[in-house]
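Student: Below you'll find the structure I mean.
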Amino acid sequence: MLKNRLLKINSLLYALGLFLITIVTASAQTTTDTIKYDHNEVFGPIVWPTTTGDTRSASGQPGQHYWQNRADYLIKASLNETDQDTTITGEVVINYTNNSPDNLDYLWLQLDQNLFKPDSRGAATTPIGGDRFDVKGFNRGGYHIASVSVTYKGQTYNVDPVITDARMQVRLNTPMGAKGEKIQVKVNYSFSIPFYGADRMGRKKFKQGYVYELAQWYPRMCVYDDVEGWNTLPYMGLGEFYCDYGDYDYYITAPANMTVAGSGDLQNGSQVLTATQQSRLAAARESDKTVMIINPDEVGQDATHPFKGTLTWHFKMQNTRDVSWAASTAFIWDAARVNLPSGRKCIAMSTYPIESSGNDSWGRSTEYLKYSIEIYSGKYFEYPWNSATSVSGVALGMEYPGIIFCLSNLKNGQLWNDITHEIGHNWFPMIVGSNERKYMWMDEGFNTFINEYSTEKFNNGEYFNAKNRPANQIAAMMKREKDPLMVAPEAQNEYGQYYVKTSCGLDILRNVVLGPDRFDYAFHEYVKHWAFKHPLPYDFFRAMNDASGEDLNWFFQPWFFTTWKLDQAIQGVKYVKDNAANGALITLVNKEKLAMPVTLKVTQANGKTETINLPVNIWQRGGTWTFIYPSTSEITALELDPDHQLPDIDRKNNVWNGK
């Protein structure tokens with residue numbers, strides 16, 4: 001059959017001769033006025049920026065001289081609850097290692113709580129009507145820096161810091177040396193906990209007390225990297241965080257009737273938990289089913305928190321870029337074991353008030369958290385830490401290493417989507433440590449992409465809907481798109497694009513361009529090589545090109561750097577010698593500026609249906625393409641992209657029928 005089909009195609013090509021040239025020319029002439037597409041813009045040469053010193057390789061991997069600095073933290077903080085206000089008072093000791101080849105005359109620290117000062121840049125740039133990430137009028141916000149001291153080469157001295165909005169410069173008496181030199185910075189500080197912390201932290205009152213979600217709760221180092229030196233973009237609300245890795249040792253002192261949940265491993269459970277709670281926690285570590293540590297009817301009981309005054313909870317977390325925590329008198333607490341691919345075990349936990357309880361809500365939080373971690377660990381990279389906690393509170397959804405904050409009133413599929421998304425961020429950007437402040441799509445979009453996979457796999461697709469393809473949603477967004485994905489978050493008019501346009505782009509690469517095997521291998525290589533490092537967008541582009549064996553720059557440049565749109569269309573069908581049995585000449589048009597491969601469903605009058613796949617290379621010479629289809633009877637229908645995998649802005653011209 002295959003041999004006969006090839007012979008037929010060859011004979012058609014020979015017979016057509018100049019007739020085919022005439023048809024193609026005529027087609028091009030009739031559509032020139034409607035085509036915006038320019039093949040030279042799409043397929044012209046693209047060379048991504050490079051760094052000096054062999055820090056990043058042409059293959060998209062860290063180079064032979066790649067370096068990044070390190071920040072290790074010792075933090076002691078107290079939660080002080082009064083009738084008038086609730087504050088955090090703390091001391092952070094930062095042991096900073098300069099692995100760069102540069103001497104440093106000064107250090108930069110992030111003071112993210114300063115977003116909540118009335119005169120912050122974030123407050124000044126909040127829209128009149130407010131938005132999800134605004135300050136919500138909290139007038140007591142911001143850090144109070146009591147003192148800053150530096151210890152370097154055995155000498156300790158105080159520093160008068162230079163504070164600009166949400167950044168603090170520490171000018172050194174003696175430049176810090178390069179290539180492994182260490183310095184210590186100590187900061188004493190305090191701040192009032194905002195009620196609504198830009199949807200990332202804050203406090204919310206429930207029947208049995210406030211739930212406090214604490215994030216951006218200590219002064220921390222800005223990143224000094226091989227690309228920009230000090231990264232000092234201010235925190236303004238939407239743009240998230242860029243942090244170096246290190247070990248964290250931290251102590252939280254809180255009222256003794258509170259339960260504290262934190263990133264990392266609790267070090268002193270015997271001192272802060274009852275014997276019953278310790279026993280239940282041990283049982284949870286051996287159980288795939290959720291085990292209650294604090295039952296709903298135990299919340300607020302003296303036997304649950306028999307201690308008086310205050311308690312200090314001690315946590316440690318290694319090789320992480322941040323830590324966060326939560327505290328409340330209202331917490332129900334449950335947990336279950338997580339089974340990782342290597343055979344290692346960790347624990348998933350949830351803390352939530354009685355208002356969030358129930359099997360249709362947070363009663364399944366730990367189940368959602370456990371299976372999300374297991375799914376992502378098996379598919380992408382094994383979860384590297386020993387615990388993860390989901391906290392119900394004021395934040396709609398926010399992620400930190402080993403702990404996530406989700407909204408208290410979510411139920412069923414909404415709660416699943418929130419939990420699997422927020423814990424998914426532990427892969428992007430907590431493991432693959434991209435710069436969220438500049439390239440939001442590298443964490444939100446990649447994470448949204450892997451969420452599709454977890455939702456399909458969880459509980460035999462309990463919340464999965466195969467019809468919810470992002471391409472149709474993206475097509476609608478692209479019609480009104482003003483800013484490309486490479487625009488920084490604060491300049492983006494529609495930040496939802498970071499999520500869905502990026503994830504749709506990865507879907508297209510996986511399902512339309514490369515196929516699952518080639519895409520998955522290349523994507524895994526990217527994750528493997530950049531785990532606990534700082535990739536640029538260009539490292540991702542190069543990594544995908546190199547490992548897939550495909551030059552995808554025709555896709556990356558328009559998708560991430562422009563607001564171009566896609567509109568594939570069927571122009572028409574002609575039969576060779578006016579006889580369908582001789583073959584059909586099908587003419588396609590690429591009307592808008594984006595180019596994509598073609599998937600075309602062909603239906604003939606004899607009942608035969610076939611799907612044809614044409615590579616993106618058909619658009620390398622221009623916006624019109626005519627090809628021969630070896631029909632045996634009249635074509636009754638054609639449809640481009642029948643599975644709606646591409647964000648085509650005009651689907652009416654994707655369909656053609658014989659009439």
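By convention in this document, the chains of the structure tokens carry letters A, B, ... by their order, each chain's residues are numbered from 1, and ligands are numbered from 1 in the order they are shown.
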Tell me which protein, DNA and RNA residues are within 9 Å of His529 (chain A), counting only C-alpha atoms, leaving out same-chain ones fewer than 6 positions away, and put them as a list in words.
Tutor: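 With the cut-off at 9 Å, the set is Gly60, Gln61, Pro62 and Val432 of chain A.
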Student: May I have the residues within 12 Å of Ala275 (chain A) as a ChimeraX atom specification, using only C-alpha atoms and disregarding those fewer than 5 positions away in the same chain?
Tutor: /A:269-270,280-282,293,303-306
Student: At a cut-off of 8 Å, using only C-alpha atoms, what residues contact region 146-148 of chain A? Leave out same-chain residues fewer than 4 positions from it and give the result as a count of residues only.
Tutor: 10
Student: Run DSSP on the backbone and give me the residues of region 398-552 of chain A it puts in strand (DSSP E or B), as a list in words.
Tutor: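 For region 398-552 of chain A, the strand (DSSP E or B) set is Met398, Glu399, Tyr400, Ile403, Ile404, Phe405, Cys406 and Leu407 of chain A.
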Student: Residues near Asn173 (chain A), anyone? I mean within 9 Å using only C-alpha atoms, not counting same-chain ones fewer than 3 positions away, as a VMD selection string.
Tutor: chain A and resid 105 to 106 157 159
Student: Within 9 Å of region 220-230 of chain A, counting only C-alpha atoms, which residues show up once you throw out same-chain ones fewer than 4 positions away? Write them as JSON, numbers by chain, please.
Tutor: {"A": [51, 52, 53, 55, 66, 67, 68, 69, 70, 71, 73, 92, 94, 96, 98, 100, 107, 108, 109, 110, 111, 112, 167, 216, 242, 243, 244, 322, 534, 536]}
Student: Quick one: residues within 9 Å of Asn472 (chain A), only C-alpha atoms, excluding same-chain residues fewer than 5 positions away - as a PDB file with N, CA, C and O atoms, in the first residue's frame?
Tutor:
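Contents of the output file selection-v7.pdb:
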```
ATOM      1  N   MET A 477      -7.430  35.748  25.060  1.00  0.00           N
ATOM      2  CA  MET A 477      -6.527  36.691  25.716  1.00  0.00           C
ATOM      3  C   MET A 477      -5.614  37.375  24.713  1.00  0.00           C
ATOM      4  O   MET A 477      -5.310  38.563  24.824  1.00  0.00           O
ATOM      5  N   HIS A 644      -8.170  21.507  18.779  1.00  0.00           N
ATOM      6  CA  HIS A 644      -8.056  22.820  19.429  1.00  0.00           C
ATOM      7  C   HIS A 644      -6.837  22.889  20.359  1.00  0.00           C
ATOM      8  O   HIS A 644      -6.940  23.323  21.501  1.00  0.00           O
ATOM      9  N   GLN A 645      -5.700  22.518  19.823  1.00  0.00           N
ATOM     10  CA  GLN A 645      -4.466  22.593  20.604  1.00  0.00           C
ATOM     11  C   GLN A 645      -3.703  23.893  20.368  1.00  0.00           C
ATOM     12  O   GLN A 645      -2.764  24.196  21.098  1.00  0.00           O
ATOM     13  N   LEU A 646      -4.104  24.660  19.363  1.00  0.00           N
ATOM     14  CA  LEU A 646      -3.437  25.920  19.045  1.00  0.00           C
ATOM     15  C   LEU A 646      -4.369  27.095  19.347  1.00  0.00           C
ATOM     16  O   LEU A 646      -5.577  26.998  19.163  1.00  0.00           O
ATOM     17  N   PRO A 647      -3.821  28.225  19.763  1.00  0.00           N
ATOM     18  CA  PRO A 647      -4.654  29.389  20.105  1.00  0.00           C
ATOM     19  C   PRO A 647      -5.022  30.210  18.871  1.00  0.00           C
ATOM     20  O   PRO A 647      -4.645  31.379  18.744  1.00  0.00           O
ATOM     21  N   ASP A 648      -5.758  29.619  17.981  1.00  0.00           N
ATOM     22  CA  ASP A 648      -6.157  30.285  16.740  1.00  0.00           C
ATOM     23  C   ASP A 648      -7.244  31.301  17.044  1.00  0.00           C
ATOM     24  O   ASP A 648      -8.274  30.976  17.645  1.00  0.00           O
ATOM     25  N   ILE A 649      -7.055  32.554  16.633  1.00  0.00           N
ATOM     26  CA  ILE A 649      -7.982  33.621  17.016  1.00  0.00           C
ATOM     27  C   ILE A 649      -9.231  33.661  16.143  1.00  0.00           C
ATOM     28  O   ILE A 649     -10.181  34.374  16.466  1.00  0.00           O
TER      29      ILE A 649
END
```
Student: For Asn468 (chain A), which residue out of A:Ile332, A:Leu74, A:Met486, A:Cys504 is the nearest one, using only C-alpha atoms?
Tutor: A:Cys504
Student: Contacts of Ile570 (chain A) at 8 Å or less, counting only C-alpha atoms, minus same-chain residues fewer than 5 places along, as a list in words?
Tutor: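 Near neighbours after the sequence-gap exclusion: Ile586, Thr587, Leu588, Val589, Leu638, Leu640, Asn653, Asn654, Val655 and Trp656 of chain A.
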Student: Can you work out which one of A:Ala261, A:Val211, A:Ala198, A:Ala466 has the shortest atom-to-atom distance to Gly130 (chain A), counting only C-alpha atoms?
Tutor: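 Among the listed residues, the smallest separation from Gly130 (chain A) belongs to A:Ala198.
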